[in-house]
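The next block is start.pdb, given as PDB, C-alpha atoms, pLDDT in the B column.
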ATOM      1  CA  MET S  20       2.399  62.068  -4.214  1.00 44.00           C
ATOM      2  CA  SER S  21       0.034  59.478  -2.776  1.00 46.00           C
ATOM      3  CA  ASP S  22      -2.087  60.134   0.257  1.00 49.00           C
ATOM      4  CA  LEU S  23      -1.864  57.520   3.019  1.00 54.00           C
ATOM      5  CA  ALA S  24      -5.165  58.772   4.438  1.00 55.00           C
ATOM      6  CA  SER S  25      -7.054  57.576   1.335  1.00 64.00           C
ATOM      7  CA  ASP S  26      -9.136  54.404   1.257  1.00 71.00           C
ATOM      8  CA  ALA S  27      -6.441  52.570  -0.718  1.00 77.00           C
ATOM      9  CA  ARG S  28      -5.117  49.383   0.881  1.00 83.00           C
ATOM     10  CA  TYR S  29      -1.644  47.994   0.332  1.00 84.00           C
ATOM     11  CA  PRO S  30      -1.327  44.428   1.612  1.00 83.00           C
ATOM     12  CA  LEU S  31       2.182  43.569   2.724  1.00 85.00           C
ATOM     13  CA  VAL S  32       4.099  40.655   1.314  1.00 83.00           C
ATOM     14  CA  ALA S  33       4.614  37.853   3.860  1.00 84.00           C
ATOM     15  CA  GLY S  34       7.677  38.608   5.976  1.00 87.00           C
ATOM     16  CA  ALA S  35       7.933  42.227   4.793  1.00 92.00           C
ATOM     17  CA  THR S  36       9.004  45.075   7.048  1.00 93.00           C
ATOM     18  CA  VAL S  37       7.792  48.616   6.390  1.00 94.00           C
ATOM     19  CA  LEU S  38      10.689  51.071   6.278  1.00 95.00           C
ATOM     20  CA  ASP S  39      10.868  54.698   7.385  1.00 96.00           C
ATOM     21  CA  ARG S  40      11.818  55.735   3.838  1.00 95.00           C
ATOM     22  CA  THR S  41       9.441  56.532   1.008  1.00 95.00           C
ATOM     23  CA  CYS S  42       9.252  55.724  -2.684  1.00 94.00           C
ATOM     24  CA  ASP S  43      10.816  58.393  -4.913  1.00 93.00           C
ATOM     25  CA  ASP S  44       8.036  57.918  -7.482  1.00 93.00           C
ATOM     26  CA  CYS S  45       4.829  57.948  -5.424  1.00 92.00           C
ATOM     27  CA  GLY S  46       5.753  58.921  -1.844  1.00 93.00           C
ATOM     28  CA  LEU S  47       4.355  55.759  -0.221  1.00 93.00           C
ATOM     29  CA  PRO S  48       6.504  53.816   2.254  1.00 94.00           C
ATOM     30  CA  LEU S  49       9.054  51.280   1.095  1.00 95.00           C
ATOM     31  CA  MET S  50       9.072  47.726   2.399  1.00 96.00           C
ATOM     32  CA  CYS S  51      12.005  45.387   2.871  1.00 95.00           C
ATOM     33  CA  VAL S  52      11.463  41.809   1.658  1.00 94.00           C
ATOM     34  CA  GLU S  53      13.829  38.832   1.473  1.00 94.00           C
ATOM     35  CA  ARG S  54      13.281  36.600  -1.554  1.00 94.00           C
ATOM     36  CA  GLY S  55      16.714  35.257  -2.411  1.00 93.00           C
ATOM     37  CA  ALA S  56      18.204  38.691  -1.743  1.00 94.00           C
ATOM     38  CA  VAL S  57      17.106  41.755   0.192  1.00 95.00           C
ATOM     39  CA  PHE S  58      14.763  43.943  -1.849  1.00 95.00           C
ATOM     40  CA  GLU S  59      13.447  47.369  -0.919  1.00 95.00           C
ATOM     41  CA  VAL S  60      10.347  48.111  -2.963  1.00 95.00           C
ATOM     42  CA  CYS S  61       7.277  50.331  -2.754  1.00 95.00           C
ATOM     43  CA  ILE S  62       4.288  48.951  -0.824  1.00 94.00           C
ATOM     44  CA  ASP S  63       2.190  49.746  -3.921  1.00 93.00           C
ATOM     45  CA  ARG S  64       2.693  46.716  -6.164  1.00 88.00           C
ATOM     46  CA  ASP S  65       1.516  48.749  -9.156  1.00 90.00           C
ATOM     47  CA  CYS S  66       4.305  51.275  -8.554  1.00 91.00           C
ATOM     48  CA  GLU S  67       7.226  48.908  -8.012  1.00 87.00           C
ATOM     49  CA  PRO S  68       6.374  45.189  -8.125  1.00 90.00           C
ATOM     50  CA  LEU S  69       8.432  42.833  -5.970  1.00 91.00           C
ATOM     51  CA  ASP S  70       8.002  40.215  -8.701  1.00 92.00           C
ATOM     52  CA  ASP S  71       9.878  42.412 -11.184  1.00 94.00           C
ATOM     53  CA  ALA S  72      12.764  43.004  -8.768  1.00 94.00           C
ATOM     54  CA  VAL S  73      13.096  39.273  -8.013  1.00 95.00           C
ATOM     55  CA  ARG S  74      12.784  38.405 -11.709  1.00 95.00           C
ATOM     56  CA  ASP S  75      15.478  40.947 -12.658  1.00 96.00           C
ATOM     57  CA  ARG S  76      17.856  39.386 -10.114  1.00 95.00           C
ATOM     58  CA  PHE S  77      17.119  35.643 -10.363  1.00 96.00           C
ATOM     59  CA  ASP S  78      15.332  34.817 -13.640  1.00 96.00           C
ATOM     60  CA  GLY S  79      17.438  32.132 -15.304  1.00 96.00           C
ATOM     61  CA  ALA S  80      20.063  32.177 -12.515  1.00 95.00           C
ATOM     62  CA  TRP S  81      19.655  28.461 -11.788  1.00 96.00           C
ATOM     63  CA  ASP S  82      19.132  25.386 -13.943  1.00 96.00           C
ATOM     64  CA  CYS S  83      16.399  22.810 -13.567  1.00 96.00           C
ATOM     65  CA  PRO S  84      17.807  19.768 -11.745  1.00 94.00           C
ATOM     66  CA  ASP S  85      15.588  17.475 -13.832  1.00 94.00           C
ATOM     67  CA  CYS S  86      16.217  18.668 -17.408  1.00 96.00           C
ATOM     68  CA  GLY S  87      18.883  21.403 -17.288  1.00 96.00           C
ATOM     69  CA  SER S  88      16.654  24.189 -18.686  1.00 97.00           C
ATOM     70  CA  PRO S  89      16.730  27.599 -16.976  1.00 97.00           C
ATOM     71  CA  LEU S  90      14.457  28.163 -13.995  1.00 97.00           C
ATOM     72  CA  ARG S  91      12.219  31.215 -14.492  1.00 97.00           C
ATOM     73  CA  VAL S  92      10.662  33.402 -11.791  1.00 96.00           C
ATOM     74  CA  ILE S  93       6.867  33.179 -12.002  1.00 93.00           C
ATOM     75  CA  ARG S  94       3.834  33.869  -9.829  1.00 90.00           C
ATOM     76  CA  ARG S  95       1.186  31.168  -9.509  1.00 87.00           C
ATOM     77  CA  ARG S  96      -1.749  31.077  -7.127  1.00 84.00           C
ATOM     78  CA  GLY S  97      -0.390  34.058  -5.217  1.00 80.00           C
ATOM     79  CA  ARG S  98       3.060  32.519  -4.625  1.00 85.00           C
ATOM     80  CA  LEU S  99       6.419  33.461  -6.093  1.00 90.00           C
ATOM     81  CA  LEU S 100       8.010  30.389  -7.700  1.00 93.00           C
ATOM     82  CA  VAL S 101      10.904  29.389  -9.876  1.00 96.00           C
ATOM     83  CA  GLY S 102       9.683  27.018 -12.552  1.00 96.00           C
ATOM     84  CA  CYS S 103      11.292  25.181 -15.421  1.00 97.00           C
ATOM     85  CA  ASP S 104      11.432  27.047 -18.724  1.00 97.00           C
ATOM     86  CA  ALA S 105      10.662  23.729 -20.488  1.00 97.00           C
ATOM     87  CA  TYR S 106       7.132  23.623 -19.025  1.00 94.00           C
ATOM     88  CA  PRO S 107       4.863  21.767 -19.890  1.00 94.00           C
ATOM     89  CA  ASP S 108       7.395  19.093 -20.899  1.00 97.00           C
ATOM     90  CA  CYS S 109       9.093  19.509 -17.508  1.00 97.00           C
ATOM     91  CA  GLU S 110       6.890  20.490 -14.565  1.00 95.00           C
ATOM     92  CA  THR S 111       9.656  21.155 -12.016  1.00 96.00           C
ATOM     93  CA  ALA S 112       8.899  24.190  -9.841  1.00 96.00           C
ATOM     94  CA  PHE S 113       9.900  25.396  -6.379  1.00 96.00           C
ATOM     95  CA  THR S 114       8.402  28.001  -4.060  1.00 93.00           C
ATOM     96  CA  LEU S 115      10.854  30.858  -3.561  1.00 92.00           C
ATOM     97  CA  PRO S 116      11.296  30.972   0.231  1.00 91.00           C
ATOM     98  CA  SER S 117      11.641  34.007   2.451  1.00 91.00           C
ATOM     99  CA  GLY S 118      15.335  34.402   3.086  1.00 93.00           C
ATOM    100  CA  VAL S 119      18.548  35.085   1.231  1.00 95.00           C
ATOM    101  CA  VAL S 120      20.796  32.881  -0.882  1.00 96.00           C
ATOM    102  CA  VAL S 121      23.938  32.043   1.105  1.00 95.00           C
ATOM    103  CA  ASP S 122      25.460  29.033  -0.649  1.00 94.00           C
ATOM    104  CA  ASP S 123      25.083  26.363  -3.315  1.00 93.00           C
ATOM    105  CA  CYS S 124      23.664  22.928  -2.571  1.00 94.00           C
ATOM    106  CA  GLY S 125      25.288  19.752  -3.861  1.00 91.00           C
ATOM    107  CA  CYS S 126      22.329  19.422  -6.252  1.00 92.00           C
ATOM    108  CA  GLY S 127      23.233  22.695  -7.977  1.00 92.00           C
ATOM    109  CA  LEU S 128      20.371  24.749  -6.556  1.00 95.00           C
ATOM    110  CA  PRO S 129      20.829  27.617  -4.086  1.00 96.00           C
ATOM    111  CA  VAL S 130      20.800  27.309  -0.303  1.00 96.00           C
ATOM    112  CA  PHE S 131      18.667  29.892   1.518  1.00 95.00           C
ATOM    113  CA  GLU S 132      19.116  31.247   5.032  1.00 94.00           C
ATOM    114  CA  THR S 133      15.554  31.484   6.349  1.00 92.00           C
ATOM    115  CA  ALA S 134      14.024  32.334   9.704  1.00 90.00           C
ATOM    116  CA  THR S 135      13.984  28.603  10.511  1.00 91.00           C
ATOM    117  CA  GLY S 136      17.499  27.807   9.303  1.00 92.00           C
ATOM    118  CA  ARG S 137      19.224  26.860   6.075  1.00 94.00           C
ATOM    119  CA  ARG S 138      17.487  24.953   3.323  1.00 94.00           C
ATOM    120  CA  CYS S 139      17.901  24.037  -0.322  1.00 95.00           C
ATOM    121  CA  LEU S 140      15.531  25.679  -2.797  1.00 96.00           C
ATOM    122  CA  ASP S 141      14.238  22.121  -3.245  1.00 95.00           C
ATOM    123  CA  GLY S 142      12.797  21.501   0.212  1.00 89.00           C
ATOM    124  CA  THR S 143      12.948  17.739  -0.405  1.00 91.00           C
ATOM    125  CA  CYS S 144      16.573  17.671  -1.596  1.00 90.00           C
ATOM    126  CA  GLU S 145      18.409  14.546  -0.466  1.00 84.00           C
ATOM    127  CA  ARG S 146      21.828  16.083  -1.165  1.00 78.00           C
ATOM    128  CA  PHE S 147      21.368  19.092   1.152  1.00 77.00           C
ATOM    129  CA  GLU S 148      23.691  19.036   4.152  1.00 74.00           C
ATOM    130  CA  THR S 149      22.991  21.230   7.159  1.00 65.00           C
TER     131      THR S 149
END
Structure rendered as structure tokens:
Amino acid sequence: MSDLASDARYPLVAGATVLDRTCDDCGLPLMCVERGAVFEVCIDRDCEPLDDAVRDRFDGAWDCPDCGSPLRVIRRRGRLLVGCDAYPDCETAFTLPSGVVVDDCGCGLPVFETATGRRCLDGTCERFET
């Protein structure tokens, strides 16, 4: 069991909510995070990484709108992204927004329900209809 009184710091993921339940493995609190779906993971990223949960659920779930290759879940510069598997030949990548997938856009990418409303994974999509 981990001790919350220790000097360890566990920065929360943007938009996360700390839950009243604890991790079965380490005893630290769980957090609830929306990244395409609702994930409940340990606040200790070394115990239960959010990236792994998102990758397990969405890696390869969508195709690149530019070349048709699978989009892979990656982390770059501290942000969770989906990027084209054909990189570096295709440099298409999108930031994975906070929110949950609720529909499909006319472009073939998912539509997310976010705190500010619905949006296509491609924030510049011309085929997205509100």
*Shell around S:Asp65 at 12 Å using only C-alpha atoms, local window under 3 positions removed, as a count of residues only*: 12
*Apply the PyMOL selection byres ((chain S and resi 121) around 8) to the displayed file and report the matching residues as a count of residues only.*
8
*Between atom CA of S:Leu140 and atom CA of S:Glu53, distance in Å (one decimal)*: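 Value for the atom CA of S:Leu140-atom CA of S:Glu53 distance: 13.9 Å.
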_Who sits within 12 Å of stretch 94-109 of chain S, all atoms listed in the file, same chain under 3 positions skipped, as a PyMOL selection string_ = chain S and resi 32-33+53-55+68-74+77-91+112-117+128-129+140-141
*Applied to this file, what does the PyMOL selection byres ((chain S and resi 148) around 9) return in terms of residues, put as a list in words?*
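Checked against the file, the PyMOL selection byres ((chain S and resi 148) around 9) matches Cys124, Gly125, Arg138, Cys139, Glu145, Arg146, Phe147 and Thr149 of chain S.
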*May I ask for the distance between atom CA of S:Ala35 and atom CA of S:Cys126, given in Å to one decimal place?*
29.1 Å
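One finds atom CA of S:Gly118 at 17.2 Å from atom CA of S:Thr143.
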